[in-house]
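Novice: Have a look at this one before I ask anything.
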Amino acid sequence: QVQIVESGGGLVQPGGSVRLSCTTSGFTSINYVTGWFRQAPGKEREAISCIGSSGGNTYYADSVQGRFFIVRDVVKNTVYLQMNNLKPEDTAVYYCALRRGYYGGGYLPPPSQYDYWGQGTQVTVSS
């Protein structure tokens with residue numbers, strides 16, 4: 001059974017940083033992609049970053065480019081999303097998801113392409 005657990009959310013001041021973790025278990029595909037998404041109240045779920053199974057292919061939404069950084073720890077089965085210079089508009093529930101298949105980079109797969117989802121972690125950016 002595939003399990004995805006996100007952690008690291010919380011309340012942070014504007015301009016601050018937070019690191020989210022996505023730890024997975026029970027997923028045995030050799031080629032896959034891990035994506036981070038967020039959903040603010042009243043808005044659609046937005047893809048913000050993803051990383052291939054080797055860790056070499058990554059992509060970011062324009063809204064987070066240069067502020068967020070994604071990295072994979074293969075040994076720990078964990079993907080981290082380092083979020084810097086946070087803004088109030090980054091406030092959302094952040095989700096991690098897995099998709100089977102090779103990912104060569106260059107785009108953000110939409111939510112509909114992912115096979116498994118975590119429960120999400122809340123990030124609130126407020127003074």
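Residues in the structure tokens are numbered from 1 in each chain, the chains being A, B, ... in the order shown, and ligands are numbered from 1 in the order shown.
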Contacts between segment 83-88 of chain A and segment 24-76 of chain A, please, where a residue of segment 24-76 of chain A counts if it comes within 12 Å (with only C-alpha atoms); show its shortest atom pair and distance in Å to one decimal, rows by chain and ascending number, as a Markdown table.
Specialist:
| residue | atom | partner | partner_atom | distance |
| --- | --- | --- | --- | --- |
| A:Trp36 | CA | A:Met83 | CA | 11.6 |
| A:Ala40 | CA | A:Pro88 | CA | 11.0 |
| A:Ile48 | CA | A:Met83 | CA | 11.1 |
| A:Ser49 | CA | A:Met83 | CA | 11.1 |
| A:Tyr60 | CA | A:Met83 | CA | 11.9 |
| A:Ser63 | CA | A:Lys87 | CA | 10.6 |
| A:Val64 | CA | A:Met83 | CA | 8.4 |
| A:Gln65 | CA | A:Met83 | CA | 10.3 |
| A:Gly66 | CA | A:Asn84 | CA | 8.7 |
| A:Arg67 | CA | A:Asn84 | CA | 5.1 |
| A:Phe68 | CA | A:Met83 | CA | 4.5 |
| A:Phe69 | CA | A:Met83 | CA | 6.6 |
| A:Ile70 | CA | A:Met83 | CA | 8.8 |
| A:Val71 | CA | A:Met83 | CA | 11.6 |
Novice: Could you write out that same residue set with all heavy atoms as a compact mmCIF listing (two decimals), in the first residue's frame?
Specialist:
# COMPACT_ATOMS: atom_id res chain seq x y z
N TRP A 36 4.83 18.55 -6.18
CA TRP A 36 4.27 19.36 -5.10
C TRP A 36 3.18 20.25 -5.69
O TRP A 36 3.37 20.86 -6.76
CB TRP A 36 5.33 20.23 -4.44
CG TRP A 36 6.16 19.52 -3.41
CD1 TRP A 36 7.42 19.04 -3.57
CD2 TRP A 36 5.78 19.22 -2.07
NE1 TRP A 36 7.85 18.46 -2.40
CE2 TRP A 36 6.86 18.55 -1.46
CE3 TRP A 36 4.62 19.44 -1.31
CZ2 TRP A 36 6.84 18.11 -0.14
CZ3 TRP A 36 4.60 19.00 0.01
CH2 TRP A 36 5.70 18.35 0.58
N ALA A 40 -5.23 26.90 -2.40
CA ALA A 40 -5.72 27.94 -1.51
C ALA A 40 -7.25 27.88 -1.48
O ALA A 40 -7.87 27.37 -2.42
CB ALA A 40 -5.24 29.30 -1.98
N ILE A 48 3.18 23.22 -8.51
CA ILE A 48 4.22 24.21 -8.28
C ILE A 48 5.62 23.69 -8.53
O ILE A 48 6.52 24.47 -8.86
CB ILE A 48 4.13 24.82 -6.87
CG1 ILE A 48 4.21 23.74 -5.80
CG2 ILE A 48 2.85 25.64 -6.71
CD1 ILE A 48 4.30 24.30 -4.39
N SER A 49 5.84 22.39 -8.39
CA SER A 49 7.17 21.87 -8.65
C SER A 49 7.10 20.35 -8.79
O SER A 49 6.15 19.71 -8.32
CB SER A 49 8.14 22.23 -7.52
OG SER A 49 9.46 21.80 -7.82
N TYR A 60 9.66 24.11 -12.11
CA TYR A 60 8.96 24.99 -11.18
C TYR A 60 7.94 25.84 -11.91
O TYR A 60 8.16 26.26 -13.04
CB TYR A 60 9.96 25.91 -10.48
CG TYR A 60 11.02 25.19 -9.69
CD1 TYR A 60 12.23 24.85 -10.28
CD2 TYR A 60 10.82 24.85 -8.35
CE1 TYR A 60 13.20 24.17 -9.56
CE2 TYR A 60 11.78 24.18 -7.62
CZ TYR A 60 12.98 23.84 -8.24
OH TYR A 60 13.94 23.18 -7.52
N SER A 63 5.32 31.07 -10.53
CA SER A 63 4.97 31.73 -9.28
C SER A 63 5.97 31.45 -8.15
O SER A 63 6.02 32.19 -7.17
CB SER A 63 3.57 31.32 -8.83
OG SER A 63 3.48 29.91 -8.71
N VAL A 64 6.75 30.37 -8.30
CA VAL A 64 7.69 30.00 -7.23
C VAL A 64 9.13 29.93 -7.71
O VAL A 64 10.04 29.72 -6.91
CB VAL A 64 7.29 28.66 -6.58
CG1 VAL A 64 5.85 28.71 -6.09
CG2 VAL A 64 7.49 27.49 -7.54
N GLN A 65 9.33 30.09 -9.01
CA GLN A 65 10.67 30.01 -9.59
C GLN A 65 11.62 30.97 -8.87
O GLN A 65 11.30 32.14 -8.68
CB GLN A 65 10.61 30.34 -11.08
CG GLN A 65 11.96 30.33 -11.78
CD GLN A 65 12.47 28.94 -12.00
OE1 GLN A 65 11.77 28.05 -12.47
NE2 GLN A 65 13.74 28.73 -11.68
N GLY A 66 12.76 30.44 -8.46
CA GLY A 66 13.76 31.27 -7.79
C GLY A 66 13.56 31.40 -6.30
O GLY A 66 14.45 31.89 -5.60
N ARG A 67 12.41 30.97 -5.79
CA ARG A 67 12.15 31.04 -4.34
C ARG A 67 12.02 29.65 -3.72
O ARG A 67 12.40 29.44 -2.56
CB ARG A 67 10.85 31.80 -4.07
CG ARG A 67 10.86 33.24 -4.54
CD ARG A 67 9.61 33.98 -4.05
NE ARG A 67 8.38 33.39 -4.55
CZ ARG A 67 7.37 32.98 -3.78
NH1 ARG A 67 7.48 33.08 -2.46
NH2 ARG A 67 6.28 32.48 -4.32
N PHE A 68 11.51 28.70 -4.48
CA PHE A 68 11.32 27.34 -4.00
C PHE A 68 12.32 26.42 -4.68
O PHE A 68 12.64 26.60 -5.87
CB PHE A 68 9.90 26.83 -4.31
CG PHE A 68 8.80 27.51 -3.55
CD1 PHE A 68 9.02 28.65 -2.80
CD2 PHE A 68 7.51 26.99 -3.60
CE1 PHE A 68 8.00 29.27 -2.11
CE2 PHE A 68 6.48 27.59 -2.91
CZ PHE A 68 6.72 28.74 -2.16
N PHE A 69 12.75 25.40 -3.92
CA PHE A 69 13.74 24.47 -4.45
C PHE A 69 13.36 23.06 -4.03
O PHE A 69 13.07 22.81 -2.85
CB PHE A 69 15.14 24.83 -3.97
CG PHE A 69 15.56 26.21 -4.36
CD1 PHE A 69 15.35 27.29 -3.51
CD2 PHE A 69 16.14 26.45 -5.60
CE1 PHE A 69 15.72 28.58 -3.88
CE2 PHE A 69 16.50 27.73 -5.98
CZ PHE A 69 16.29 28.79 -5.12
N ILE A 70 13.38 22.15 -4.98
CA ILE A 70 12.98 20.77 -4.72
C ILE A 70 14.20 19.87 -4.83
O ILE A 70 15.05 20.06 -5.70
CB ILE A 70 11.87 20.33 -5.71
CG1 ILE A 70 11.26 19.00 -5.30
CG2 ILE A 70 12.40 20.27 -7.14
CD1 ILE A 70 9.99 18.65 -6.10
N VAL A 71 14.28 18.91 -3.91
CA VAL A 71 15.41 17.98 -3.91
C VAL A 71 14.95 16.63 -3.39
O VAL A 71 14.04 16.56 -2.56
CB VAL A 71 16.58 18.54 -3.05
CG1 VAL A 71 16.18 18.65 -1.60
CG2 VAL A 71 17.83 17.68 -3.20
Novice: Env of segment 99-113 of chain A: 10 Å cut, atoms = only C-alpha atoms, seq-sep filter 3 positions within chain, self excluded. Answer as a list in words.
Specialist: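 So the residues in contact are Phe27, Thr28, Ser29, Ile30, Asn31, Tyr32, Val33, Thr34, Gly35, Trp36, Phe37, Arg45, Glu46, Ala47, Ile48, Ser49, Cys50, Ile51, Gly52, Ser53, Ser54, Gly56, Asn57, Thr58, Tyr59, Tyr60, Ala61, Tyr116 and Trp117 of chain A.
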Novice: Using the selection just defined, write its residues with C-alpha atoms as a PDB file, in the first residue's frame.
Specialist:
ATOM      1  CA  PHE A  27       5.804   2.626  -4.036  1.00  0.00           C
ATOM      2  CA  THR A  28       7.892   0.345  -6.225  1.00  0.00           C
ATOM      3  CA  SER A  29       7.983   1.969  -9.663  1.00  0.00           C
ATOM      4  CA  ILE A  30      11.509   2.476 -11.029  1.00  0.00           C
ATOM      5  CA  ASN A  31      10.656   5.570 -13.036  1.00  0.00           C
ATOM      6  CA  TYR A  32       8.350   8.090 -11.441  1.00  0.00           C
ATOM      7  CA  VAL A  33       7.905  11.725 -10.653  1.00  0.00           C
ATOM      8  CA  THR A  34       7.091  13.415  -7.378  1.00  0.00           C
ATOM      9  CA  GLY A  35       5.105  16.592  -7.529  1.00  0.00           C
ATOM     10  CA  TRP A  36       4.266  19.358  -5.104  1.00  0.00           C
ATOM     11  CA  PHE A  37       0.954  21.144  -5.382  1.00  0.00           C
ATOM     12  CA  ARG A  45      -5.101  22.899  -7.068  1.00  0.00           C
ATOM     13  CA  GLU A  46      -1.920  24.321  -8.574  1.00  0.00           C
ATOM     14  CA  ALA A  47       1.172  22.389  -9.606  1.00  0.00           C
ATOM     15  CA  ILE A  48       4.215  24.213  -8.282  1.00  0.00           C
ATOM     16  CA  SER A  49       7.167  21.865  -8.650  1.00  0.00           C
ATOM     17  CA  CYS A  50       8.183  18.335  -9.539  1.00  0.00           C
ATOM     18  CA  ILE A  51      11.240  16.114  -9.617  1.00  0.00           C
ATOM     19  CA  GLY A  52      12.062  12.920 -11.469  1.00  0.00           C
ATOM     20  CA  SER A  53      12.990   9.691  -9.755  1.00  0.00           C
ATOM     21  CA  SER A  54      16.715  10.207 -10.336  1.00  0.00           C
ATOM     22  CA  GLY A  56      18.075  15.191 -12.025  1.00  0.00           C
ATOM     23  CA  ASN A  57      14.974  16.617 -13.694  1.00  0.00           C
ATOM     24  CA  THR A  58      13.092  19.348 -11.907  1.00  0.00           C
ATOM     25  CA  TYR A  59      10.617  22.035 -12.875  1.00  0.00           C
ATOM     26  CA  TYR A  60       8.962  24.985 -11.180  1.00  0.00           C
ATOM     27  CA  ALA A  61       5.898  27.092 -11.726  1.00  0.00           C
ATOM     28  CA  TYR A 116      -1.216   8.820  -5.382  1.00  0.00           C
ATOM     29  CA  TRP A 117      -1.708  11.779  -3.067  1.00  0.00           C
TER      30      TRP A 117
END
Novice: Give me, as a PDB file with N, CA and C atoms, in the first residue's frame, the residues of segment 4-126 of chain A that a backbone DSSP run labels helix (DSSP H, G or I).
Specialist:
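Contents of the output file out02.pdb:
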ATOM      1  N   PRO A  88       2.395  36.259   1.466  1.00  0.00           N
ATOM      2  CA  PRO A  88       1.045  35.879   1.912  1.00  0.00           C
ATOM      3  C   PRO A  88       0.289  35.055   0.872  1.00  0.00           C
ATOM      4  N   GLU A  89       0.536  35.311  -0.399  1.00  0.00           N
ATOM      5  CA  GLU A  89      -0.167  34.548  -1.436  1.00  0.00           C
ATOM      6  C   GLU A  89       0.333  33.111  -1.562  1.00  0.00           C
ATOM      7  N   ASP A  90       1.359  32.742  -0.826  1.00  0.00           N
ATOM      8  CA  ASP A  90       1.797  31.349  -0.779  1.00  0.00           C
ATOM      9  C   ASP A  90       0.985  30.532   0.222  1.00  0.00           C
ATOM     10  N   PRO A 111      -2.314  17.913 -12.075  1.00  0.00           N
ATOM     11  CA  PRO A 111      -2.785  17.019 -11.007  1.00  0.00           C
ATOM     12  C   PRO A 111      -3.443  15.749 -11.528  1.00  0.00           C
ATOM     13  N   SER A 112      -4.135  15.814 -12.641  1.00  0.00           N
ATOM     14  CA  SER A 112      -4.870  14.659 -13.155  1.00  0.00           C
ATOM     15  C   SER A 112      -3.956  13.502 -13.542  1.00  0.00           C
ATOM     16  N   GLN A 113      -2.683  13.768 -13.724  1.00  0.00           N
ATOM     17  CA  GLN A 113      -1.764  12.711 -14.152  1.00  0.00           C
ATOM     18  C   GLN A 113      -1.144  11.932 -12.989  1.00  0.00           C
TER      19      GLN A 113
END
Novice: Please provide the set of residues having any atom within 9 Å of segment 13-22 of chain A, restricted to only C-alpha atoms, with same-chain residues fewer than 6 positions apart removed, written as a list in words.
Specialist: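 Those residues are Ile4, Val5, Glu6, Ser7, Thr34, Trp36, Asn77, Thr78, Val79, Tyr80, Leu81, Gln82, Met83, Asn84, Asn85, Leu86, Lys87, Pro88, Tyr94, Tyr95, Cys96, Ala97, Gly118, Thr121, Val123, Thr124, Val125, Ser126 and Ser127 of chain A.
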Novice: For the selection you just gave me, I'd like the residues written to a file as a tab-separated table (two decimals), in the first residue's frame, keeping N, CA, C and O atoms.
Specialist:
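Once written, out-v2.tsv looks like this:
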chain	number	residue	atom	x	y	z
A	4	ILE	N	1.91	8.30	1.51
A	4	ILE	CA	2.61	9.57	1.31
A	4	ILE	C	2.30	10.45	2.52
A	4	ILE	O	1.13	10.68	2.84
A	5	VAL	N	3.34	10.94	3.15
A	5	VAL	CA	3.17	11.77	4.33
A	5	VAL	C	3.92	13.08	4.14
A	5	VAL	O	5.14	13.08	3.96
A	6	GLU	N	3.18	14.17	4.17
A	6	GLU	CA	3.78	15.50	4.11
A	6	GLU	C	3.95	16.04	5.52
A	6	GLU	O	3.12	15.77	6.40
A	7	SER	N	4.98	16.82	5.71
A	7	SER	CA	5.19	17.46	7.01
A	7	SER	C	5.98	18.75	6.81
A	7	SER	O	6.53	18.98	5.72
A	34	THR	N	7.73	12.91	-8.59
A	34	THR	CA	7.09	13.41	-7.38
A	34	THR	C	6.76	14.88	-7.59
A	34	THR	O	7.63	15.66	-7.98
A	36	TRP	N	4.83	18.55	-6.18
A	36	TRP	CA	4.27	19.36	-5.10
A	36	TRP	C	3.18	20.25	-5.69
A	36	TRP	O	3.37	20.86	-6.76
A	77	ASN	N	13.78	8.07	0.90
A	77	ASN	CA	12.49	8.09	0.18
A	77	ASN	C	11.73	9.38	0.47
A	77	ASN	O	10.51	9.36	0.70
A	78	THR	N	12.45	10.46	0.48
A	78	THR	CA	11.86	11.75	0.86
A	78	THR	C	12.22	12.82	-0.17
A	78	THR	O	13.36	12.88	-0.64
A	79	VAL	N	11.24	13.62	-0.49
A	79	VAL	CA	11.44	14.79	-1.33
A	79	VAL	C	11.18	16.02	-0.48
A	79	VAL	O	10.18	16.09	0.25
A	80	TYR	N	12.08	16.97	-0.57
A	80	TYR	CA	11.96	18.20	0.20
A	80	TYR	C	11.62	19.37	-0.71
A	80	TYR	O	12.08	19.43	-1.86
A	81	LEU	N	10.82	20.26	-0.20
A	81	LEU	CA	10.53	21.51	-0.91
A	81	LEU	C	10.96	22.65	0.01
A	81	LEU	O	10.31	22.91	1.03
A	82	GLN	N	12.07	23.27	-0.32
A	82	GLN	CA	12.56	24.41	0.44
A	82	GLN	C	11.88	25.67	-0.11
A	82	GLN	O	11.99	25.97	-1.30
A	83	MET	N	11.19	26.36	0.76
A	83	MET	CA	10.40	27.52	0.36
A	83	MET	C	10.99	28.75	1.04
A	83	MET	O	10.97	28.85	2.26
A	84	ASN	N	11.50	29.66	0.22
A	84	ASN	CA	12.14	30.88	0.74
A	84	ASN	C	11.37	32.12	0.32
A	84	ASN	O	10.57	32.09	-0.61
A	85	ASN	N	11.65	33.21	1.01
A	85	ASN	CA	11.02	34.50	0.70
A	85	ASN	C	9.51	34.34	0.54
A	85	ASN	O	8.93	34.77	-0.47
A	86	LEU	N	8.91	33.74	1.52
A	86	LEU	CA	7.48	33.44	1.42
A	86	LEU	C	6.64	34.69	1.44
A	86	LEU	O	6.97	35.69	2.11
A	87	LYS	N	5.53	34.63	0.71
A	87	LYS	CA	4.60	35.73	0.58
A	87	LYS	C	3.23	35.30	1.08
A	87	LYS	O	2.92	34.11	1.08
A	88	PRO	N	2.40	36.26	1.47
A	88	PRO	CA	1.04	35.88	1.91
A	88	PRO	C	0.29	35.06	0.87
A	88	PRO	O	-0.49	34.16	1.25
A	94	TYR	N	-0.49	22.41	1.10
A	94	TYR	CA	0.50	21.88	0.17
A	94	TYR	C	0.41	20.36	0.15
A	94	TYR	O	0.41	19.71	1.21
A	95	TYR	N	0.35	19.82	-1.07
A	95	TYR	CA	0.21	18.39	-1.27
A	95	TYR	C	1.39	17.83	-2.05
A	95	TYR	O	1.94	18.49	-2.93
A	96	CYS	N	1.70	16.58	-1.74
A	96	CYS	CA	2.71	15.84	-2.46
A	96	CYS	C	2.00	14.68	-3.18
A	96	CYS	O	1.02	14.13	-2.67
A	97	ALA	N	2.49	14.34	-4.36
A	97	ALA	CA	1.86	13.28	-5.13
A	97	ALA	C	2.90	12.51	-5.94
A	97	ALA	O	3.99	13.04	-6.23
A	118	GLY	N	-0.86	12.63	-0.98
A	118	GLY	CA	-0.82	12.74	0.46
A	118	GLY	C	-2.01	13.55	0.96
A	118	GLY	O	-2.83	14.02	0.17
A	121	THR	N	-0.36	19.48	3.93
A	121	THR	CA	0.10	20.19	5.12
A	121	THR	C	-0.13	21.69	4.90
A	121	THR	O	0.13	22.21	3.82
A	123	VAL	N	0.35	25.59	5.08
A	123	VAL	CA	1.35	26.64	5.22
A	123	VAL	C	0.62	27.97	5.22
A	123	VAL	O	-0.12	28.28	4.28
A	124	THR	N	0.83	28.73	6.27
A	124	THR	CA	0.20	30.04	6.39
A	124	THR	C	1.29	31.10	6.52
A	124	THR	O	2.13	31.02	7.42
A	125	VAL	N	1.25	32.05	5.62
A	125	VAL	CA	2.23	33.14	5.62
A	125	VAL	C	1.52	34.40	6.07
A	125	VAL	O	0.67	34.95	5.37
A	126	SER	N	1.85	34.84	7.27
A	126	SER	CA	1.15	35.99	7.84
A	126	SER	C	2.01	36.61	8.93
A	126	SER	O	2.75	35.92	9.63
A	127	SER	N	1.86	37.90	9.08
A	127	SER	CA	2.57	38.59	10.16
A	127	SER	C	1.67	38.71	11.38
A	127	SER	O	2.09	39.24	12.42
Novice: Between A:Gly26, A:Gln122, A:Asp62, A:Gln39, which one has atoms that come closest to Gly8 of chain A, using only C-alpha atoms?
Specialist: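 Smallest distance to Gly8 of chain A is found for A:Gln122.
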Novice: Could you tell me how far atom CA of Val12 of chain A sits from atom CA of Tyr114 of chain A, in Å to one decimal place?
Specialist: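 Interatomic distance here is 28.7 Å.
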Novice: Please determine, counting only C-alpha atoms, which residue among A:Lys43, A:Gly10, A:Arg38, A:Gln1 has the shortest atom-to-atom distance to Gln119 of chain A.
Specialist: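 So, comparing all the options, the nearest one is A:Arg38.
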Novice: What is the distance between atom CA of Ala92 of chain A and atom CA of Arg72 of chain A, in Å to one decimal?
Specialist: 22.2 Å
Novice: Apply DSSP to the backbone of this structure and, from chain A, keep only the residues in strand (DSSP E); write these as JSON, numbers by chain.
Specialist: {"A": [3, 4, 5, 6, 7, 10, 11, 12, 18, 19, 20, 21, 22, 23, 24, 25, 32, 33, 34, 35, 36, 37, 38, 39, 46, 47, 48, 49, 50, 51, 52, 58, 59, 60, 68, 69, 70, 71, 72, 73, 78, 79, 80, 81, 82, 83, 92, 93, 94, 95, 96, 97, 98, 99, 100, 116, 117, 121, 122, 123, 124, 125]}
